[in-house]
Structures are given as C-alpha cells and as structure tokens.
Amino acid sequence: MSAVSIKQEVVDAFGWQQDAWPDTADGWIERARSVGDLLAEDAVVRDRANRSPHAEVELLKNAGLVTLLAPKALGGGGQRWSTAYRVIREVARGDGSIGQLLGYHYLWAWAARLVGTPDQIEAIERHYAAGQLFFGGAVNPRDNDLKVTDTGDTLVFNGRKSFSTGSGVADLTVLEGVLENSGEHVFAVVDSRQDGLEFLGDWDNLGQRLTESGGVIIRDVEVPWSDALGFVNKRYQPSVYATLNVPAIQLVFTSFYLGIAEGALAAAREYNRRHTRPWPYGGDNKTRAADEFYVLDGFGDLQSRLWASQAFVEQTVAVVDALLHRPREAVKARERGEAAVKVAAAKQRIVDTGLDIATRLYELTGARASANKYGFDIYWRNLRTHSLHDPIAYKRVEVGRFALLDEIPEPTWYT
C-alpha cells in the first residue's frame, strides 16, 4: 500500500462516514486501533520516503478522529481527554509520527478552551468541527523572534519559528508570538493556507520524520484583536486552568511514547515467533527460539515493565482528564502542580522503558532482524528523537522536589 493510496483504501475498505461514527469511548478506541493497524502496514516505507503526510492526515479525517474532542452538538465526537490519550496511543502503535501529529492537533484544538473566551471557544470549535479541520502549531517559546504589533483593531505577526509541527499539512495553525512593548505572549488561530505563512520543509531528523516539524516564516499575518485568545479589551485574562497546557501536552508526549513502545514489543514478539532461529551451541538446545531461557527472560522483563508503565500512564490520564473537564474556575494551583508531577514521572518511566525495549528487541530477535527491510530501527529513532524535546533530567528533578520537599513545579512553558 503506497502513502498516496491511504485515503481511498480507507473509504473502500471501511466506509467510515460521519453518520457511522462511534458513539462510545470503546468504539473510538477500536476505530483508532484500526487506523494504527493500517498505518503499520507501510510505516517503514513511508518513513524512508520522508514525504509530507497529506494522505495520513486525510486518513485521520476520514476516520473521524480529528473532531473527537469537539462537542457532539457541533458535529464532533463529544469525547473526553481520557479517550483522546488512548486514541493517540493506538495510532502511535502503528506510526509514531502520525500519533504525534494527532496528539498535537488535539492540544491545539483545545487551545481555545484553555485560554480563550466563551465566544472564542464556540467560534473555533464550530469552525473546525464543521470542516473536519486539522491543526498545527507554530508555538515554540524558546524562539523570541516572532513579534506581534498592535495596529489598533488588528495584530500583525512577523518573524519565524524554528519548529511548526503539523502546520504544513494542517488547515489551521496556532501562532504564538510576543506583543511588542508589553512582552506578553499572544496566541491566535489562523488559516494555514495563506501567503503570509511560508513553511520551510526543513525537518530532516533522525526520527519522527513525518511530523512536518520544520520551520515557518511569518510575514504580515493579520489577526483581529477579537481573535487573540484570552484577551479582553487588549488585556489577557490569566487562570490556573490555562496553565494546564503544559501537563496536557506532556501527557500527549507520554501517550505516543507508550504507543511506540507497545508497537516495538509487539513487532519483536511477532518476528521472534515467525523468524528467529534457536541457538544450537548453548548446551541446552531448543527446537524454537521462543523456548530459549534468555529470550523468555528478556520478553518477561520488558513486558512487565511495559505493563507497569501502562498502568501508571492510565492512572495519570485519569488525574489530568478530571482537571481538563472541570469548570475552569474550579482548578486549583496545588492540584495542577500535583498533576504535573505525575505527568513528569510517567513520562520519564516510559522514556526509559521504551528506549530499552527499542534497543533490546534486537537481542531477542537475532542478527537477521537488523536487516533494513524489517525497519525495527524506526522505534528507537522515533522515541529517541522526540524524547529530547526537553531534558528528561528536569522531569526527574520535578518529581524529586515533590517527593523530598513537597514542592510543586511553578507553571512555565515546560513545567
């Protein structure tokens, strides 16, 4: 199956249409699993080709996953974040890049709920749900060169961002820049397909190759003040709820890391059963590799650790889900901080376990499994690349400060 044929194959084989969308969380998770299985069929081929994932985004749209979190009254799936995190995980089992794209989309589609006014929330959700629109984001707080100028009734964005994940294949892009004179950060949702946005297509990294995470140049992109998320009369309205953006997206990371690790162990298990030959010089020779002591020991260790990570991630998802679906004014700083610590702990656990799985799978499958045609390197490359997003050591420190000193992290762009 080639990348360009994904959309038509989905339409022909599954007949996914809006009037047949699932109406339960389990139904959506099963739908996501089918998407992940379809993506897994040629994930390595598409990774090697390194083409913009237009067809893959169309697949997500055709399956209805794009509007999973939008209200049912507006044509969306009406689901909770607990379902979204599991959907991300299922898609990432088949293709880590597409799992990341979908997870980022959910966060940016929720941006209005995090910081916007009631009118902004209703307008954005109605717009993207009606059109099955996909979000990208030019949001990188370590870049300070995107300036926002107040011209009276409008804001004008100019500059560049080093990373703009998904925007090149997205319908909508969340821009983040710094307001001149005040230094305040401004978020706004704009049309991705306009002359003022030039996507550089310069993402050429070790892993997560299909995330379209290259840079973007922004030239004279005008946004009415009424679209500046969370601003009323040109003043930003802060809240504790708005600071949930960091634990929410860090848990997106954790979810697709978990999906990548699950996919890696499943692939190693399948290969071992079908192809790995037993070692005939060990003194206690077996007729099949799956009966060898060191193989059973290895799979037992990795599976046990993966189950532990799954359980902890699911526990953490329940905590964050409860906060994200609570009335915004009811979220308190302490519970937000405790949730952020849980996310930090879950993230570091699955990074360590996932990288170990992606490395040790070769020991459990044998030398022939290193052939490029099998593409087992994709799991390590994907997980290693994105887990460098922000230093994992700082996540351990956050947990340490909480465990030793009962301190919660102060909300920043990364905590």
# chains A, B, ... in the order shown; residues from 1 in each chain; ligands from 1

call {"tool": "select_by_dssp", "arguments": {"residues": "segment 320-374 of chain A", "states": "alpha helix (DSSP H)", "output": "JSON, numbers by chain"}}
result
{"A": [320, 321, 322, 323, 324, 333, 334, 335, 336, 337, 338, 339, 340, 341, 342, 343, 344, 345, 346, 347, 348, 349, 350, 351, 352, 353, 354, 355, 356, 357, 358, 359, 360, 361, 362, 363, 364, 365]}

call {"tool": "residues_around", "arguments": {"residues": "Ala268 of chain A", "least_positions_apart": "6", "cutoff": "12 Å", "atoms": "only C-alpha atoms", "output": "PyMOL selection string"}}
result
chain A and resi 261-262+274-276+290+295+298-299+302-303+357-366+369-370+374-377+379

call {"tool": "write_last_selection", "arguments": {"atoms": "N, CA and C atoms", "output": "PDB file, in the first residue's frame"}}
result
ATOM      1  N   ALA A 261       6.417   2.287  22.139  1.00  0.00           N
ATOM      2  CA  ALA A 261       6.993   1.159  22.884  1.00  0.00           C
ATOM      3  C   ALA A 261       6.143  -0.095  22.716  1.00  0.00           C
ATOM      4  N   GLU A 262       4.824   0.064  22.767  1.00  0.00           N
ATOM      5  CA  GLU A 262       3.933  -1.082  22.564  1.00  0.00           C
ATOM      6  C   GLU A 262       4.115  -1.670  21.169  1.00  0.00           C
ATOM      7  N   ARG A 274       7.952 -15.975  14.322  1.00  0.00           N
ATOM      8  CA  ARG A 274       7.930 -16.389  12.917  1.00  0.00           C
ATOM      9  C   ARG A 274       9.311 -16.674  12.341  1.00  0.00           C
ATOM     10  N   HIS A 275      10.341 -15.950  12.799  1.00  0.00           N
ATOM     11  CA  HIS A 275      11.606 -15.987  12.081  1.00  0.00           C
ATOM     12  C   HIS A 275      12.835 -16.352  12.910  1.00  0.00           C
ATOM     13  N   THR A 276      12.852 -15.997  14.194  1.00  0.00           N
ATOM     14  CA  THR A 276      14.074 -16.193  14.963  1.00  0.00           C
ATOM     15  C   THR A 276      14.405 -17.673  15.113  1.00  0.00           C
ATOM     16  N   ALA A 290      11.633 -19.295  20.798  1.00  0.00           N
ATOM     17  CA  ALA A 290      10.711 -18.840  21.842  1.00  0.00           C
ATOM     18  C   ALA A 290      10.822 -19.659  23.122  1.00  0.00           C
ATOM     19  N   VAL A 295      15.595 -15.659  26.000  1.00  0.00           N
ATOM     20  CA  VAL A 295      14.528 -14.998  25.255  1.00  0.00           C
ATOM     21  C   VAL A 295      13.305 -14.809  26.147  1.00  0.00           C
ATOM     22  N   GLY A 298      14.052 -12.160  28.696  1.00  0.00           N
ATOM     23  CA  GLY A 298      14.030 -10.822  28.115  1.00  0.00           C
ATOM     24  C   GLY A 298      12.629 -10.312  27.866  1.00  0.00           C
ATOM     25  N   PHE A 299      11.805 -11.127  27.220  1.00  0.00           N
ATOM     26  CA  PHE A 299      10.428 -10.701  26.974  1.00  0.00           C
ATOM     27  C   PHE A 299       9.661 -10.529  28.281  1.00  0.00           C
ATOM     28  N   LEU A 302      10.790  -7.094  29.803  1.00  0.00           N
ATOM     29  CA  LEU A 302      10.285  -5.935  29.057  1.00  0.00           C
ATOM     30  C   LEU A 302       8.767  -5.822  29.160  1.00  0.00           C
ATOM     31  N   GLN A 303       8.066  -6.952  29.084  1.00  0.00           N
ATOM     32  CA  GLN A 303       6.608  -6.903  29.178  1.00  0.00           C
ATOM     33  C   GLN A 303       6.170  -6.435  30.561  1.00  0.00           C
ATOM     34  N   ILE A 357      13.263  -1.148  25.417  1.00  0.00           N
ATOM     35  CA  ILE A 357      12.578  -2.093  24.525  1.00  0.00           C
ATOM     36  C   ILE A 357      13.113  -1.965  23.102  1.00  0.00           C
ATOM     37  N   ALA A 358      13.215  -0.715  22.624  1.00  0.00           N
ATOM     38  CA  ALA A 358      13.630  -0.486  21.239  1.00  0.00           C
ATOM     39  C   ALA A 358      15.065  -0.891  20.986  1.00  0.00           C
ATOM     40  N   THR A 359      15.880  -0.969  22.037  1.00  0.00           N
ATOM     41  CA  THR A 359      17.270  -1.412  21.898  1.00  0.00           C
ATOM     42  C   THR A 359      17.389  -2.923  22.045  1.00  0.00           C
ATOM     43  N   ARG A 360      16.778  -3.468  23.089  1.00  0.00           N
ATOM     44  CA  ARG A 360      16.951  -4.893  23.406  1.00  0.00           C
ATOM     45  C   ARG A 360      16.154  -5.817  22.484  1.00  0.00           C
ATOM     46  N   LEU A 361      15.229  -5.263  21.735  1.00  0.00           N
ATOM     47  CA  LEU A 361      14.449  -6.138  20.842  1.00  0.00           C
ATOM     48  C   LEU A 361      15.360  -6.888  19.873  1.00  0.00           C
ATOM     49  N   TYR A 362      16.524  -6.294  19.526  1.00  0.00           N
ATOM     50  CA  TYR A 362      17.431  -6.984  18.611  1.00  0.00           C
ATOM     51  C   TYR A 362      18.040  -8.221  19.263  1.00  0.00           C
ATOM     52  N   GLU A 363      18.306  -8.151  20.575  1.00  0.00           N
ATOM     53  CA  GLU A 363      18.858  -9.303  21.276  1.00  0.00           C
ATOM     54  C   GLU A 363      17.860 -10.466  21.281  1.00  0.00           C
ATOM     55  N   LEU A 364      16.579 -10.142  21.240  1.00  0.00           N
ATOM     56  CA  LEU A 364      15.539 -11.158  21.359  1.00  0.00           C
ATOM     57  C   LEU A 364      15.022 -11.646  20.009  1.00  0.00           C
ATOM     58  N   THR A 365      15.486 -11.012  18.944  1.00  0.00           N
ATOM     59  CA  THR A 365      15.042 -11.416  17.609  1.00  0.00           C
ATOM     60  C   THR A 365      16.177 -11.984  16.766  1.00  0.00           C
ATOM     61  N   GLY A 366      17.407 -11.587  17.030  1.00  0.00           N
ATOM     62  CA  GLY A 366      18.540 -12.167  16.327  1.00  0.00           C
ATOM     63  C   GLY A 366      19.127 -11.272  15.255  1.00  0.00           C
ATOM     64  N   ALA A 369      17.309  -9.830  12.120  1.00  0.00           N
ATOM     65  CA  ALA A 369      16.299  -8.790  12.349  1.00  0.00           C
ATOM     66  C   ALA A 369      16.859  -7.388  12.138  1.00  0.00           C
ATOM     67  N   SER A 370      18.188  -7.281  12.027  1.00  0.00           N
ATOM     68  CA  SER A 370      18.778  -5.968  11.780  1.00  0.00           C
ATOM     69  C   SER A 370      18.728  -5.559  10.314  1.00  0.00           C
ATOM     70  N   TYR A 374      13.217  -4.904   7.553  1.00  0.00           N
ATOM     71  CA  TYR A 374      12.312  -5.047   8.691  1.00  0.00           C
ATOM     72  C   TYR A 374      12.063  -3.715   9.401  1.00  0.00           C
ATOM     73  N   GLY A 375      13.019  -2.826   9.329  1.00  0.00           N
ATOM     74  CA  GLY A 375      12.811  -1.475   9.830  1.00  0.00           C
ATOM     75  C   GLY A 375      12.594  -1.349  11.329  1.00  0.00           C
ATOM     76  N   PHE A 376      13.154  -2.271  12.121  1.00  0.00           N
ATOM     77  CA  PHE A 376      12.954  -2.183  13.567  1.00  0.00           C
ATOM     78  C   PHE A 376      13.633  -0.954  14.179  1.00  0.00           C
ATOM     79  N   ASP A 377      14.534  -0.345  13.434  1.00  0.00           N
ATOM     80  CA  ASP A 377      15.183   0.873  13.927  1.00  0.00           C
ATOM     81  C   ASP A 377      14.215   2.034  14.092  1.00  0.00           C
ATOM     82  N   TYR A 379      11.518   2.391  15.718  1.00  0.00           N
ATOM     83  CA  TYR A 379      11.000   2.613  17.069  1.00  0.00           C
ATOM     84  C   TYR A 379      11.999   3.390  17.920  1.00  0.00           C
TER      85      TYR A 379
END

call {"tool": "closest_atom_pairs", "arguments": {"of": "segment 51-133 of chain A", "to": "segment 17-37 of chain A", "cutoff": "8 Å", "atoms": "only C-alpha atoms", "output": "tab-separated table"}}
result
residue	atom	partner	partner_atom	distance
A:Leu59	CA	A:Val35	CA	7.7
A:Leu60	CA	A:Val35	CA	7.6
A:Asn62	CA	A:Gln17	CA	6.9
A:Ala63	CA	A:Arg31	CA	7.2
A:Gly64	CA	A:Trp21	CA	6.7
A:Leu65	CA	A:Ala32	CA	7.5
A:Gly77	CA	A:Asp23	CA	7.2
A:Gln79	CA	A:Ala25	CA	6.9
A:Thr83	CA	A:Ala25	CA	5.9
A:Arg86	CA	A:Ile29	CA	6.7
A:Val87	CA	A:Ala32	CA	5.4
A:Ile88	CA	A:Ala32	CA	7.8
A:Glu90	CA	A:Arg33	CA	5.2
A:Val91	CA	A:Gly36	CA	4.2
A:Ala92	CA	A:Gly36	CA	6.7
A:Arg93	CA	A:Gly36	CA	6.1
A:Gly94	CA	A:Gly36	CA	4.3
A:Asp95	CA	A:Gly36	CA	6.7

call {"tool": "write_last_selection", "arguments": {"atoms": "C-alpha atoms", "output": "compact mmCIF listing (two decimals), in the first residue's frame"}}
result
# COMPACT_ATOMS: atom_id res chain seq x y z
CA LEU A 59 -6.91 9.09 6.93
CA LEU A 60 -7.37 10.67 10.38
CA ASN A 62 -11.93 10.03 7.24
CA ALA A 63 -11.89 8.01 10.44
CA GLY A 64 -13.49 10.90 12.33
CA LEU A 65 -10.59 11.14 14.79
CA GLY A 77 -17.25 13.03 18.78
CA GLN A 79 -15.35 12.51 23.88
CA THR A 83 -10.32 8.75 25.22
CA ARG A 86 -5.81 6.35 24.36
CA VAL A 87 -6.54 7.15 20.70
CA ILE A 88 -3.13 8.83 20.37
CA GLU A 90 -3.30 3.36 19.46
CA VAL A 91 -2.36 5.40 16.39
CA ALA A 92 1.26 5.67 17.57
CA ARG A 93 1.48 1.88 17.88
CA GLY A 94 1.26 1.82 14.10
CA ASP A 95 3.15 5.03 13.32

call {"tool": "select_by_dssp", "arguments": {"residues": "segment 223-343 of chain A", "states": "strand (DSSP E or B)", "output": "number ranges by chain"}}
result
A: 223-224, 231-232, 235-236

call {"tool": "write_last_selection", "arguments": {"atoms": "C-alpha atoms", "output": "mmCIF file, in the first residue's frame"}}
result
data_model
loop_
_atom_site.group_PDB
_atom_site.id
_atom_site.type_symbol
_atom_site.label_atom_id
_atom_site.label_comp_id
_atom_site.auth_asym_id
_atom_site.auth_seq_id
_atom_site.Cartn_x
_atom_site.Cartn_y
_atom_site.Cartn_z
ATOM 1 C CA VAL A 223 -5.366 38.873 13.191
ATOM 2 C CA PRO A 224 -8.217 40.919 14.666
ATOM 3 C CA PHE A 231 -7.630 38.789 25.666
ATOM 4 C CA VAL A 232 -10.488 41.092 26.656
ATOM 5 C CA ARG A 235 -5.761 42.531 28.369
ATOM 6 C CA TYR A 236 -5.032 38.861 28.913
#

call {"tool": "atom_distance", "arguments": {"atom1": "atom CA of Thr154 of chain A", "atom2": "atom CA of Val216 of chain A"}}
result
21.4 Å

call {"tool": "decode", "arguments": {"residues": "segment 277-292 of chain A", "atoms": "all heavy atoms", "output": "PDB file, in the first residue's frame"}}
result
ATOM      1  N   ARG A 277      15.655 -18.016  14.840  1.00  0.00           N
ATOM      2  CA  ARG A 277      16.103 -19.401  14.939  1.00  0.00           C
ATOM      3  C   ARG A 277      16.756 -19.648  16.293  1.00  0.00           C
ATOM      4  O   ARG A 277      17.450 -18.779  16.826  1.00  0.00           O
ATOM      5  CB  ARG A 277      17.097 -19.719  13.812  1.00  0.00           C
ATOM      6  CG  ARG A 277      16.494 -19.588  12.418  1.00  0.00           C
ATOM      7  CD  ARG A 277      17.486 -19.998  11.345  1.00  0.00           C
ATOM      8  NE  ARG A 277      18.676 -19.161  11.346  1.00  0.00           N
ATOM      9  CZ  ARG A 277      19.740 -19.391  10.572  1.00  0.00           C
ATOM     10  NH1 ARG A 277      19.747 -20.431   9.752  1.00  0.00           N
ATOM     11  NH2 ARG A 277      20.787 -18.584  10.622  1.00  0.00           N
ATOM     12  N   PRO A 278      16.566 -20.821  16.867  1.00  0.00           N
ATOM     13  CA  PRO A 278      17.205 -21.120  18.158  1.00  0.00           C
ATOM     14  C   PRO A 278      18.721 -21.233  17.988  1.00  0.00           C
ATOM     15  O   PRO A 278      19.210 -21.581  16.909  1.00  0.00           O
ATOM     16  CB  PRO A 278      16.588 -22.454  18.559  1.00  0.00           C
ATOM     17  CG  PRO A 278      16.200 -23.096  17.268  1.00  0.00           C
ATOM     18  CD  PRO A 278      15.766 -21.965  16.371  1.00  0.00           C
ATOM     19  N   TRP A 279      19.433 -20.941  19.068  1.00  0.00           N
ATOM     20  CA  TRP A 279      20.897 -21.024  19.026  1.00  0.00           C
ATOM     21  C   TRP A 279      21.322 -22.470  19.318  1.00  0.00           C
ATOM     22  O   TRP A 279      20.965 -23.037  20.359  1.00  0.00           O
ATOM     23  CB  TRP A 279      21.478 -20.072  20.067  1.00  0.00           C
ATOM     24  CG  TRP A 279      22.970 -19.966  20.024  1.00  0.00           C
ATOM     25  CD1 TRP A 279      23.856 -20.400  20.961  1.00  0.00           C
ATOM     26  CD2 TRP A 279      23.751 -19.383  18.976  1.00  0.00           C
ATOM     27  NE1 TRP A 279      25.149 -20.129  20.587  1.00  0.00           N
ATOM     28  CE2 TRP A 279      25.113 -19.498  19.351  1.00  0.00           C
ATOM     29  CE3 TRP A 279      23.446 -18.786  17.758  1.00  0.00           C
ATOM     30  CZ2 TRP A 279      26.153 -19.031  18.557  1.00  0.00           C
ATOM     31  CZ3 TRP A 279      24.488 -18.321  16.963  1.00  0.00           C
ATOM     32  CH2 TRP A 279      25.815 -18.439  17.373  1.00  0.00           C
ATOM     33  N   PRO A 280      22.073 -23.093  18.399  1.00  0.00           N
ATOM     34  CA  PRO A 280      22.358 -24.534  18.537  1.00  0.00           C
ATOM     35  C   PRO A 280      23.626 -24.852  19.323  1.00  0.00           C
ATOM     36  O   PRO A 280      24.047 -25.998  19.346  1.00  0.00           O
ATOM     37  CB  PRO A 280      22.508 -24.973  17.075  1.00  0.00           C
ATOM     38  CG  PRO A 280      23.090 -23.769  16.400  1.00  0.00           C
ATOM     39  CD  PRO A 280      22.492 -22.578  17.085  1.00  0.00           C
ATOM     40  N   TYR A 281      24.240 -23.846  19.970  1.00  0.00           N
ATOM     41  CA  TYR A 281      25.515 -24.091  20.642  1.00  0.00           C
ATOM     42  C   TYR A 281      25.464 -23.691  22.117  1.00  0.00           C
ATOM     43  O   TYR A 281      26.478 -23.372  22.719  1.00  0.00           O
ATOM     44  CB  TYR A 281      26.639 -23.310  19.947  1.00  0.00           C
ATOM     45  CG  TYR A 281      26.720 -23.579  18.467  1.00  0.00           C
ATOM     46  CD1 TYR A 281      26.310 -22.616  17.555  1.00  0.00           C
ATOM     47  CD2 TYR A 281      27.183 -24.805  17.994  1.00  0.00           C
ATOM     48  CE1 TYR A 281      26.361 -22.871  16.186  1.00  0.00           C
ATOM     49  CE2 TYR A 281      27.241 -25.062  16.637  1.00  0.00           C
ATOM     50  CZ  TYR A 281      26.832 -24.090  15.736  1.00  0.00           C
ATOM     51  OH  TYR A 281      26.882 -24.348  14.388  1.00  0.00           O
ATOM     52  N   GLY A 282      24.276 -23.738  22.711  1.00  0.00           N
ATOM     53  CA  GLY A 282      24.152 -23.288  24.093  1.00  0.00           C
ATOM     54  C   GLY A 282      24.207 -24.386  25.127  1.00  0.00           C
ATOM     55  O   GLY A 282      24.231 -24.116  26.327  1.00  0.00           O
ATOM     56  N   GLY A 283      24.184 -25.635  24.718  1.00  0.00           N
ATOM     57  CA  GLY A 283      24.251 -26.734  25.656  1.00  0.00           C
ATOM     58  C   GLY A 283      22.895 -27.236  26.104  1.00  0.00           C
ATOM     59  O   GLY A 283      22.763 -28.379  26.550  1.00  0.00           O
ATOM     60  N   ASP A 284      21.885 -26.398  26.009  1.00  0.00           N
ATOM     61  CA  ASP A 284      20.513 -26.818  26.351  1.00  0.00           C
ATOM     62  C   ASP A 284      19.636 -26.423  25.164  1.00  0.00           C
ATOM     63  O   ASP A 284      18.742 -25.588  25.267  1.00  0.00           O
ATOM     64  CB  ASP A 284      20.063 -26.129  27.646  1.00  0.00           C
ATOM     65  CG  ASP A 284      18.667 -26.584  28.079  1.00  0.00           C
ATOM     66  OD1 ASP A 284      18.249 -27.679  27.656  1.00  0.00           O
ATOM     67  OD2 ASP A 284      17.996 -25.825  28.813  1.00  0.00           O
ATOM     68  N   ASN A 285      19.945 -27.045  24.035  1.00  0.00           N
ATOM     69  CA  ASN A 285      19.387 -26.597  22.767  1.00  0.00           C
ATOM     70  C   ASN A 285      17.872 -26.802  22.696  1.00  0.00           C
ATOM     71  O   ASN A 285      17.336 -27.818  23.146  1.00  0.00           O
ATOM     72  CB  ASN A 285      20.056 -27.333  21.613  1.00  0.00           C
ATOM     73  CG  ASN A 285      21.548 -27.046  21.567  1.00  0.00           C
ATOM     74  OD1 ASN A 285      22.022 -26.085  22.184  1.00  0.00           O
ATOM     75  ND2 ASN A 285      22.276 -27.878  20.861  1.00  0.00           N
ATOM     76  N   LYS A 286      17.204 -25.813  22.093  1.00  0.00           N
ATOM     77  CA  LYS A 286      15.750 -25.836  21.928  1.00  0.00           C
ATOM     78  C   LYS A 286      15.416 -25.966  20.449  1.00  0.00           C
ATOM     79  O   LYS A 286      16.221 -25.642  19.569  1.00  0.00           O
ATOM     80  CB  LYS A 286      15.114 -24.570  22.495  1.00  0.00           C
ATOM     81  CG  LYS A 286      15.475 -24.275  23.954  1.00  0.00           C
ATOM     82  CD  LYS A 286      14.963 -25.348  24.898  1.00  0.00           C
ATOM     83  CE  LYS A 286      15.254 -24.983  26.349  1.00  0.00           C
ATOM     84  NZ  LYS A 286      14.823 -26.045  27.279  1.00  0.00           N
ATOM     85  N   THR A 287      14.206 -26.406  20.188  1.00  0.00           N
ATOM     86  CA  THR A 287      13.776 -26.530  18.795  1.00  0.00           C
ATOM     87  C   THR A 287      13.214 -25.231  18.244  1.00  0.00           C
ATOM     88  O   THR A 287      13.041 -25.100  17.034  1.00  0.00           O
ATOM     89  CB  THR A 287      12.706 -27.626  18.667  1.00  0.00           C
ATOM     90  OG1 THR A 287      11.585 -27.292  19.499  1.00  0.00           O
ATOM     91  CG2 THR A 287      13.286 -28.980  19.075  1.00  0.00           C
ATOM     92  N   ARG A 288      12.901 -24.285  19.120  1.00  0.00           N
ATOM     93  CA  ARG A 288      12.441 -22.972  18.659  1.00  0.00           C
ATOM     94  C   ARG A 288      12.985 -21.901  19.606  1.00  0.00           C
ATOM     95  O   ARG A 288      13.173 -22.140  20.806  1.00  0.00           O
ATOM     96  CB  ARG A 288      10.921 -22.895  18.580  1.00  0.00           C
ATOM     97  CG  ARG A 288      10.203 -23.136  19.889  1.00  0.00           C
ATOM     98  CD  ARG A 288       8.704 -22.986  19.744  1.00  0.00           C
ATOM     99  NE  ARG A 288       8.048 -23.059  21.047  1.00  0.00           N
ATOM    100  CZ  ARG A 288       6.759 -22.796  21.248  1.00  0.00           C
ATOM    101  NH1 ARG A 288       5.991 -22.462  20.213  1.00  0.00           N
ATOM    102  NH2 ARG A 288       6.246 -22.874  22.459  1.00  0.00           N
ATOM    103  N   ALA A 289      13.223 -20.728  19.041  1.00  0.00           N
ATOM    104  CA  ALA A 289      13.829 -19.642  19.812  1.00  0.00           C
ATOM    105  C   ALA A 289      12.943 -19.207  20.972  1.00  0.00           C
ATOM    106  O   ALA A 289      13.447 -18.796  22.018  1.00  0.00           O
ATOM    107  CB  ALA A 289      14.109 -18.454  18.896  1.00  0.00           C
ATOM    108  N   ALA A 290      11.633 -19.295  20.798  1.00  0.00           N
ATOM    109  CA  ALA A 290      10.711 -18.840  21.842  1.00  0.00           C
ATOM    110  C   ALA A 290      10.822 -19.659  23.122  1.00  0.00           C
ATOM    111  O   ALA A 290      10.316 -19.231  24.171  1.00  0.00           O
ATOM    112  CB  ALA A 290       9.275 -18.885  21.329  1.00  0.00           C
ATOM    113  N   ASP A 291      11.482 -20.801  23.090  1.00  0.00           N
ATOM    114  CA  ASP A 291      11.649 -21.616  24.284  1.00  0.00           C
ATOM    115  C   ASP A 291      12.984 -21.371  24.985  1.00  0.00           C
ATOM    116  O   ASP A 291      13.236 -21.949  26.049  1.00  0.00           O
ATOM    117  CB  ASP A 291      11.539 -23.099  23.926  1.00  0.00           C
ATOM    118  CG  ASP A 291      10.122 -23.485  23.540  1.00  0.00           C
ATOM    119  OD1 ASP A 291       9.176 -22.910  24.111  1.00  0.00           O
ATOM    120  OD2 ASP A 291       9.962 -24.345  22.651  1.00  0.00           O
ATOM    121  N   GLU A 292      13.845 -20.564  24.395  1.00  0.00           N
ATOM    122  CA  GLU A 292      15.156 -20.340  24.986  1.00  0.00           C
ATOM    123  C   GLU A 292      15.031 -19.473  26.240  1.00  0.00           C
ATOM    124  O   GLU A 292      14.287 -18.487  26.283  1.00  0.00           O
ATOM    125  CB  GLU A 292      16.094 -19.691  23.983  1.00  0.00           C
ATOM    126  CG  GLU A 292      16.419 -20.619  22.820  1.00  0.00           C
ATOM    127  CD  GLU A 292      17.594 -20.142  21.995  1.00  0.00           C
ATOM    128  OE1 GLU A 292      17.369 -19.367  21.060  1.00  0.00           O
ATOM    129  OE2 GLU A 292      18.729 -20.542  22.303  1.00  0.00           O
TER     130      GLU A 292
END
